[in-house]
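I have placed the structure first, in the form of structure tokens, so that the comments after it can refer back to it.
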Amino acid sequence: MKLKQMLALSASAIVFVASSAIAQETEAAPARESAVDRILGTVTVTATKKANVENVQDVPVAVTAFNSDTLDALKVNDLQGLSYSTPNVSLEDVGTSKGVANFSIRGLGINSSIPSVDPTVGVFVDGVYLGVNSGVVLDLFDLDSVEILRGPQGLLFGRNTTGGAVLINTGNPTDDFHYKARATVETPIDDDRGGPNTTLQATVSGPLIQDKLNGKLGIYHNFDDGYFKNLATDDNLGEAHTTIVRGALEWMPTPDLTFLGKVENFQTSSDGPNGQNRGFYDRGSFDIAINNPGFLDNDTTFATLRTDLDVGFGNGRITNIIGYRDVDSTTSADIDATPLTLFHSDTEFQQEQFSEELRYSGTFDRADVTVGGFYFTQEVGYTERRNLPTTRPATFPAGLDWEFNGGGRQDHTVYGIFGQVDYDFTEKLTGIFGLRYGYEEKDVDVTYVRPRPHCSVVDATCPTTGTNPYIAGEPNGFSDKDDWSEVTPKIGVQYFHTDDTQFYGTYTKGFRSGGYNFRITNALAFEALFPATGSRAFDEEQVDSFEIGMKHTTADGRGQLNAAVFLNDIKDMQRELNLSSPSSGVAQTIINTADAEIYGLELEGRYALTDSLLVTANLGLIDAEYTDVIFDISGDGVVDGKDLDLDLPRVPEATYGFAVIHDYDMADRGSLVSRLTFQHRDKNAFTDNNFGWMSAADQLDANLTWNTPMDGVSVSVFGKNLIDEAIAGGDTQVPFGGTLAGFAPGGSNNSTGVDVPFATNPAIGTFSPLQKGRLIGIEFTISR
């Protein structure tokens with residue numbers, strides 16, 4: 001059957017089963033647990049770090065939680081797959097280097113692949129904080145839940161979480177024997193695009209020693225033939241091969257003591273970014289033509305050890321979580337996004353981190369108490385090499401392995417202590433009081449990205465002292481050390497009007513430590529901003545966040561409505577300013593640019609219209625403005641009202657969406673579960689100077705699953721991005737546009753946020769890495 005026929009058949013089936021809901025409305029509820037029943041069931045979260053997990057509707061936090069059933073239905077295989085499921089949230093790959101997170105929540109995010117730039121959205125896997133953005137947006141499998149916490153989480157998750165936190169909980173070993181195997185194939189349905197993407201995964205879990213030792217083993221393999229067609233070579237672009245092996249053991253030596261250890265090895269080899277230059281191709285197309293398909297080679301080992309001890313003191317629990325991560329990655333990317341060698345970039349990256357968190361949670365009369373300490377250390381090394389043949393200095397000796405070369409190494413240590421008390425003044429009214437003290441220290445050696453013979457910061461062969469002999473008077477780099485400390489409070493109130501309705505209000509302070517730039521391309525400008533007589537680090541960023549929220553569940557459990565309004569007051573906002581540069585391709589300066597205010601509204605709801613038909617909806621509205629500008633954001637050489645009038649980057653004014661889920665019981669023939677989801681995100685600025693813009697995006701997905709009469713066996717047909725939106729992960733300006741020999745200008749440079757013909761500015765192009773367009777797939781699952 002041809003792909004277009006498959007799509008038509010699946011769409012017709014979805015329409016058919018959705019329309020059958022009315023006929024099913026008056027029938028008795030089936031004895032089996034339907035998809036609607038599972039979604040309406042209690043969803044528990046770990047976000048409050050209390051001794052026991054809590055109902056998401058009972059916590060005074062704006063959190064969207066996905067359990068394993070929902071994640072399966074959404075066909076989530078990486079965090080980016082949840083970008084269009086939650087209001088005011090963007091969980092996307094930065095695109096410059098594959099797998100590097102570019103997350104933004106409530107308008108607080110970064111546009112950077114520089115590993116020394118701390119995230120605003122913290123990612124925690126099985127309770128362990130990931131210290132860098134690299135390797136975050138890569139394949140995931142065997143997930144138990146994902147929790148997306150909106151707003152600063154600086155108390156319980158205190159490491160640079162001014163925007164929010166994403167908690168990923170992988171599957172644990174089970175007390176009884178269980179296995180699950182899945183095969184998935186998805187492919188473009190457009191004839192002019194690439195090939196299939198195939199995934200095989202399996203887990204087996206169960207007791208090794210009854211009531212004492214449980215084990216789990218999982219394996220995942222993905223081979224993607226590449227979604228895009230490279231018009232310069234007629235080859236597929238986006239090929240990837242990924243293998244994940246994960247093992248887990250849960251030891252219960254006594255009824256009160258549990259050890260849970262997990263270890264994972266992740267290896268991937270893929271093409272580089274799918275970069276489109278909009279100097280030649282219009283926004284909205286999937287046309288890409290590059291002469292360097294690039295690559296990513298990543299080898300990551302990740303391990304955790306969690307210990308839980310139940311104690312009589314406060315009927316509480318002591319929890320200790322140890323985490324270790326080792327990442328080794330090399331990349332190559334075509335940044336000019338043309339079939340010519342104008343700006344290619346290769347990188348080496350290494351990270352090794354260790355962390356430990358020890359906490360206690362218990363109850364004393366009316367007080368729920370959580371206290372703990374946190375230790376984190378990491379070593380990061382990064383080398384960048386830029387191949388810019390058109391800017392080769394005339395003074396550079398012939399025959400040398402010349403390139404723009406530099407990077408940095410950093411030793412990073414964090415200490416923190418925290419405590420929170422939830423005190424029940426009455427049965428309905430609870431006060432929330434918390435405090436955290438954090439200290440961070442960073443010790444760096446930085447080499448400027450300047451013309452020099454081949455060298456490597458990772459291998460410690462790049463100089464940080466002396467003067468670059470090929471650019472007179474410019475130093476090679478510097479060594480520096482700085483530290484930051486902060487006390488971040490939280491205070492709030494929670495009121496349960498009924499058992500099913502709560503209201504809450506909180507104030508919390510977020511803190512993001514200062515740091516260093518590993519990608520300094522203009523040494524003299526940097527030396528002017530950060531002279532050697534002072535610290536070479538940019539300053540910390542602080543966020544005062546105010547939030548009022550409501551959560552309501554109907555008495556019959558069929559409906560939920562959650563709402564929140566918030567205000568983020570940001571001081572000394574840290575930003576990476578990207579400017580097109582004829583000499584270095586893109587000049588990147590990290591500086592504290594401005595103060596700003598971001599306020600908004602969020603609504604999430606769901607309702608079961610019948611026993612077999614459920615609808616969900618979400619809405620996010622944001623208004624953001626600069627209140628004081630302290631650096632030239634626009635790049636015109638002065639700080640004035642023009643800077644104040646700019647749009648804050650990564651802040652869409654509106655995000656909204658809905659989903660329809662229907663479960664059709666076919667008695668002894670099984671059941672059909674259909675799901676249709678739609679999510680919209682408004683156009684928003686990508687770069688601080690507003691030259692780069694993210695287009696408005698609409699995402700439409702559909703899924704039809706037949707749960708066969710054979711227990712545990714199901715077949716799914718699904719479609720992703722059915723509207724076929726060309727969504728870019730970024731929009732950075734590069735000095736290679738419509739004036740190149742052999743190319744006719746046909747795109748738009750997006751300056752001022754609208755399509756501007758390249759005749760207006762023919763020298764500017766873009767590096768705009770594209771995400772996949774329309775896909776259709778089929779999936780087979782067997783489980784017990």
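Residues in the structure tokens are numbered from 1 in each chain, the chains being A, B, ... in the order shown, and ligands are numbered from 1 in the order shown.
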Counting only C-alpha atoms, which residues of region 370-413 of chain A sit at most 10 Å from some atom of region 147-159 of chain A, and what is each one's closest atom pair with its distance in Å to one decimal, listed by chain and rising residue number, as CSV?
```
residue,atom,partner,partner_atom,distance
A:Thr370,CA,A:Leu156,CA,9.1
A:Val371,CA,A:Leu156,CA,9.1
A:Gly372,CA,A:Leu156,CA,8.8
A:Gly373,CA,A:Leu156,CA,10.0
A:Phe374,CA,A:Gly158,CA,8.9
A:Phe376,CA,A:Arg159,CA,9.3
```
Limited to N, CA and C atoms, could you put the picked residues into a file as a PDB file, in the first residue's frame?
```pdb
ATOM      1  N   THR A 370      10.881  19.182  54.789  1.00  0.00           N
ATOM      2  CA  THR A 370      11.864  18.637  53.846  1.00  0.00           C
ATOM      3  C   THR A 370      13.138  19.462  53.979  1.00  0.00           C
ATOM      4  N   VAL A 371      14.247  18.788  54.283  1.00  0.00           N
ATOM      5  CA  VAL A 371      15.542  19.461  54.395  1.00  0.00           C
ATOM      6  C   VAL A 371      16.580  18.623  53.671  1.00  0.00           C
ATOM      7  N   GLY A 372      17.627  19.285  53.175  1.00  0.00           N
ATOM      8  CA  GLY A 372      18.646  18.517  52.471  1.00  0.00           C
ATOM      9  C   GLY A 372      19.866  19.323  52.114  1.00  0.00           C
ATOM     10  N   GLY A 373      20.824  18.619  51.553  1.00  0.00           N
ATOM     11  CA  GLY A 373      22.053  19.237  51.073  1.00  0.00           C
ATOM     12  C   GLY A 373      22.386  18.706  49.690  1.00  0.00           C
ATOM     13  N   PHE A 374      23.117  19.515  48.909  1.00  0.00           N
ATOM     14  CA  PHE A 374      23.393  19.175  47.514  1.00  0.00           C
ATOM     15  C   PHE A 374      24.850  19.488  47.205  1.00  0.00           C
ATOM     16  N   PHE A 376      27.670  19.181  43.837  1.00  0.00           N
ATOM     17  CA  PHE A 376      27.791  18.928  42.406  1.00  0.00           C
ATOM     18  C   PHE A 376      29.160  19.419  41.942  1.00  0.00           C
TER      19      PHE A 376
END
```
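Here the helix (DSSP H, G or I) residues in region 631-752 of chain A, by DSSP on the backbone, are Gly641, Lys642, Asp643, Leu644, Ala667, Asp668, Arg669, Ser751 and Thr752 of chain A.
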Handout entry: Residues near Ser584 (chain A), cut-off 9 Å, only C-alpha atoms, skip fewer than 5 positions along chain, as a list in words
Key =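 Contacts, in chain order: Phe343, Arg386, Leu388, Thr391, Phe404, Val449, Arg450, Thr521 and Asn522 of chain A.
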Keeping only N, CA and C atoms, write the selected residues as a PDB file, in the first residue's frame.
```pdb
ATOM      1  N   PHE A 343      31.675  28.727   5.973  1.00  0.00           N
ATOM      2  CA  PHE A 343      31.724  28.717   7.429  1.00  0.00           C
ATOM      3  C   PHE A 343      31.328  27.325   7.890  1.00  0.00           C
ATOM      4  N   ARG A 386      36.772  26.724  13.380  1.00  0.00           N
ATOM      5  CA  ARG A 386      35.976  27.326  12.308  1.00  0.00           C
ATOM      6  C   ARG A 386      36.800  27.377  11.023  1.00  0.00           C
ATOM      7  N   LEU A 388      36.948  29.119   7.796  1.00  0.00           N
ATOM      8  CA  LEU A 388      36.454  30.329   7.129  1.00  0.00           C
ATOM      9  C   LEU A 388      37.481  30.745   6.079  1.00  0.00           C
ATOM     10  N   THR A 391      38.241  34.396   4.895  1.00  0.00           N
ATOM     11  CA  THR A 391      38.790  35.397   5.817  1.00  0.00           C
ATOM     12  C   THR A 391      40.191  35.040   6.282  1.00  0.00           C
ATOM     13  N   PHE A 404      40.237  29.135  12.455  1.00  0.00           N
ATOM     14  CA  PHE A 404      39.830  29.822  13.674  1.00  0.00           C
ATOM     15  C   PHE A 404      39.688  28.743  14.736  1.00  0.00           C
ATOM     16  N   VAL A 449      38.832  32.255  20.185  1.00  0.00           N
ATOM     17  CA  VAL A 449      38.662  31.627  18.879  1.00  0.00           C
ATOM     18  C   VAL A 449      39.243  32.594  17.845  1.00  0.00           C
ATOM     19  N   ARG A 450      40.528  32.390  17.543  1.00  0.00           N
ATOM     20  CA  ARG A 450      41.259  33.291  16.661  1.00  0.00           C
ATOM     21  C   ARG A 450      42.031  32.476  15.624  1.00  0.00           C
ATOM     22  N   THR A 521      35.165  35.423  19.909  1.00  0.00           N
ATOM     23  CA  THR A 521      35.729  35.595  18.569  1.00  0.00           C
ATOM     24  C   THR A 521      36.326  36.981  18.351  1.00  0.00           C
ATOM     25  N   ASN A 522      36.038  37.939  19.226  1.00  0.00           N
ATOM     26  CA  ASN A 522      36.595  39.283  19.121  1.00  0.00           C
ATOM     27  C   ASN A 522      37.323  39.592  20.416  1.00  0.00           C
TER      28      ASN A 522
END
```
Name all residues at most 6 Å from Thr506 (chain A) (count only C-alpha atoms; drop same-chain ones fewer than 2 positions away) and give them as a PDB file with C-alpha atoms, in the first residue's frame.
```
ATOM      1  CA  ILE A 491       6.902  31.739  50.721  1.00  0.00           C
ATOM      2  CA  GLY A 492       3.375  30.760  49.850  1.00  0.00           C
ATOM      3  CA  PHE A 546       5.022  35.690  41.825  1.00  0.00           C
ATOM      4  CA  GLU A 547       2.322  33.153  41.002  1.00  0.00           C
TER       5      GLU A 547
END
```
Exercise for the section: DSSP on the backbone, then: every residue of region 303-537 of chain A marked strand (DSSP E or B), written as JSON, numbers by chain. Expected result: {"A": [303, 304, 305, 306, 307, 308, 309, 310, 311, 316, 317, 318, 319, 320, 321, 322, 323, 324, 325, 326, 327, 328, 329, 330, 331, 332, 333, 334, 344, 345, 346, 347, 348, 349, 350, 351, 352, 353, 354, 355, 356, 357, 358, 359, 360, 361, 362, 363, 364, 367, 368, 369, 370, 371, 372, 373, 374, 375, 376, 377, 378, 379, 380, 381, 382, 383, 384, 385, 386, 387, 402, 403, 404, 405, 406, 407, 408, 409, 410, 411, 412, 413, 414, 415, 416, 417, 418, 419, 420, 421, 422, 423, 424, 429, 430, 431, 432, 433, 434, 435, 436, 437, 438, 439, 440, 441, 442, 443, 444, 445, 446, 447, 448, 449, 450, 451, 452, 453, 467, 475, 477, 478, 479, 480, 481, 482, 483, 484, 485, 486, 487, 488, 489, 490, 491, 492, 493, 494, 495, 496, 497, 498, 501, 502, 503, 504, 505, 506, 507, 508, 509, 510, 511, 512, 515]}
Hey, can you spit out that residue selection with C-alpha atoms as a short mmCIF file (atom, residue, chain, number, x, y, z; two decimals), in the first residue's frame?
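For reference, selection_7.cif as written:
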```cif
data_model
loop_
_atom_site.label_atom_id
_atom_site.label_comp_id
_atom_site.auth_asym_id
_atom_site.auth_seq_id
_atom_site.Cartn_x
_atom_site.Cartn_y
_atom_site.Cartn_z
CA ALA A 303 24.65 6.13 36.35
CA THR A 304 22.53 6.77 39.44
CA LEU A 305 22.25 5.21 42.87
CA ARG A 306 19.25 6.05 45.01
CA THR A 307 18.97 4.97 48.64
CA ASP A 308 15.71 5.27 50.59
CA LEU A 309 15.51 4.61 54.32
CA ASP A 310 12.17 4.84 56.13
CA VAL A 311 12.64 6.12 59.68
CA GLY A 316 9.76 10.11 57.43
CA ARG A 317 12.25 9.03 54.84
CA ILE A 318 15.92 9.71 54.24
CA THR A 319 16.86 9.76 50.56
CA ASN A 320 20.31 9.90 49.05
CA ILE A 321 20.83 10.20 45.28
CA ILE A 322 24.27 9.84 43.70
CA GLY A 323 24.73 10.62 40.04
CA TYR A 324 27.58 10.27 37.55
CA ARG A 325 27.72 11.30 33.89
CA ASP A 326 30.54 11.12 31.37
CA VAL A 327 30.07 12.61 27.88
CA ASP A 328 32.47 12.50 24.93
CA SER A 329 31.22 14.19 21.78
CA THR A 330 32.58 15.45 18.46
CA THR A 331 30.62 17.37 15.83
CA SER A 332 30.89 18.95 12.42
CA ALA A 333 28.39 21.45 11.01
CA ASP A 334 27.80 23.50 7.87
CA HIS A 344 32.11 25.16 8.66
CA SER A 345 32.56 24.38 12.32
CA ASP A 346 33.98 21.34 14.11
CA THR A 347 33.85 20.83 17.88
CA GLU A 348 35.18 18.52 20.56
CA PHE A 349 33.37 18.29 23.87
CA GLN A 350 33.99 16.39 27.08
CA GLN A 351 32.12 16.52 30.36
CA GLU A 352 32.40 14.51 33.55
CA GLN A 353 30.09 15.24 36.45
CA PHE A 354 29.40 13.85 39.91
CA SER A 355 26.58 14.87 42.22
CA GLU A 356 25.03 13.85 45.50
CA GLU A 357 21.86 14.97 47.21
CA LEU A 358 20.95 13.91 50.74
CA ARG A 359 17.55 14.88 52.08
CA TYR A 360 15.01 14.06 54.74
CA SER A 361 11.24 14.41 54.55
CA GLY A 362 8.82 13.79 57.40
CA THR A 363 5.72 14.99 59.23
CA PHE A 364 5.56 16.51 62.70
CA ALA A 367 4.23 20.42 59.68
CA ASP A 368 5.58 18.60 56.64
CA VAL A 369 9.35 19.13 56.66
CA THR A 370 11.86 18.64 53.85
CA VAL A 371 15.54 19.46 54.39
CA GLY A 372 18.65 18.52 52.47
CA GLY A 373 22.05 19.24 51.07
CA PHE A 374 23.39 19.17 47.51
CA TYR A 375 26.90 18.75 46.08
CA PHE A 376 27.79 18.93 42.41
CA THR A 377 31.07 19.04 40.54
CA GLN A 378 31.92 18.85 36.86
CA GLU A 379 34.84 19.24 34.49
CA VAL A 380 34.02 20.59 31.04
CA GLY A 381 36.30 20.89 28.01
CA TYR A 382 35.34 22.40 24.65
CA THR A 383 37.24 23.02 21.43
CA GLU A 384 35.81 24.83 18.42
CA ARG A 385 37.40 25.02 14.98
CA ARG A 386 35.98 27.33 12.31
CA ASN A 387 36.87 26.85 8.68
CA TRP A 402 45.09 27.04 9.62
CA GLU A 403 41.70 27.66 11.20
CA PHE A 404 39.83 29.82 13.67
CA ASN A 405 40.49 27.81 16.81
CA GLY A 406 39.79 28.09 20.53
CA GLY A 407 37.55 27.07 23.39
CA GLY A 408 37.91 26.50 27.10
CA ARG A 409 38.15 24.22 30.12
CA GLN A 410 36.23 24.67 33.35
CA ASP A 411 36.26 23.15 36.81
CA HIS A 412 32.91 23.80 38.44
CA THR A 413 31.80 23.12 42.02
CA VAL A 414 28.40 23.70 43.65
CA TYR A 415 27.23 23.40 47.26
CA GLY A 416 23.70 23.92 48.51
CA ILE A 417 21.53 23.43 51.58
CA PHE A 418 17.76 23.78 51.54
CA GLY A 419 14.69 23.40 53.68
CA GLN A 420 10.95 23.75 53.29
CA VAL A 421 8.14 23.55 55.84
CA ASP A 422 4.51 23.18 54.83
CA TYR A 423 2.51 24.09 57.96
CA ASP A 424 -1.21 23.33 58.25
CA LEU A 429 -5.07 26.35 54.96
CA THR A 430 -1.36 25.59 54.62
CA GLY A 431 1.59 27.97 54.73
CA ILE A 432 4.71 27.27 52.67
CA PHE A 433 8.08 28.50 53.94
CA GLY A 434 11.39 27.64 52.33
CA LEU A 435 15.00 28.79 52.09
CA ARG A 436 18.03 27.69 50.11
CA TYR A 437 21.67 28.73 50.28
CA GLY A 438 23.82 28.02 47.26
CA TYR A 439 27.50 28.54 46.49
CA GLU A 440 29.21 28.08 43.13
CA GLU A 441 32.82 28.32 42.02
CA LYS A 442 34.15 28.24 38.46
CA ASP A 443 37.82 27.97 37.50
CA VAL A 444 38.52 28.37 33.78
CA ASP A 445 41.18 28.49 31.09
CA VAL A 446 39.84 30.13 27.93
CA THR A 447 41.50 30.38 24.51
CA TYR A 448 40.07 32.97 22.15
CA VAL A 449 38.66 31.63 18.88
CA ARG A 450 41.26 33.29 16.66
CA PRO A 451 43.32 32.35 13.56
CA ARG A 452 46.06 29.92 14.56
CA PRO A 453 47.40 26.49 13.61
CA THR A 467 50.02 37.06 22.01
CA PRO A 475 46.20 38.00 23.34
CA GLY A 477 43.30 33.93 26.10
CA PHE A 478 43.12 34.02 29.87
CA SER A 479 42.72 32.04 33.07
CA ASP A 480 40.28 33.17 35.74
CA LYS A 481 38.35 32.06 38.79
CA ASP A 482 35.20 33.44 40.37
CA ASP A 483 32.43 32.42 42.75
CA TRP A 484 28.83 33.31 43.50
CA SER A 485 26.52 32.70 46.45
CA GLU A 486 22.88 33.43 47.02
CA VAL A 487 20.04 32.90 49.48
CA THR A 488 16.77 32.15 47.68
CA PRO A 489 13.54 32.17 49.71
CA LYS A 490 10.10 30.81 48.96
CA ILE A 491 6.90 31.74 50.72
CA GLY A 492 3.38 30.76 49.85
CA VAL A 493 -0.08 29.76 50.91
CA GLN A 494 -2.33 26.89 49.82
CA TYR A 495 -6.06 26.79 50.49
CA PHE A 496 -8.35 23.83 49.82
CA HIS A 497 -11.84 25.25 49.31
CA THR A 498 -13.07 21.66 48.97
CA THR A 501 -10.52 22.54 44.62
CA GLN A 502 -7.41 24.33 45.77
CA PHE A 503 -6.04 27.86 45.43
CA TYR A 504 -2.40 28.78 45.96
CA GLY A 505 -0.11 31.76 45.84
CA THR A 506 3.69 31.74 46.00
CA TYR A 507 6.69 34.01 45.84
CA THR A 508 10.06 32.51 45.03
CA LYS A 509 13.44 33.78 43.97
CA GLY A 510 15.42 32.19 41.15
CA PHE A 511 19.18 32.45 40.79
CA ARG A 512 21.44 31.68 37.83
CA GLY A 515 30.00 32.35 34.14
#
```
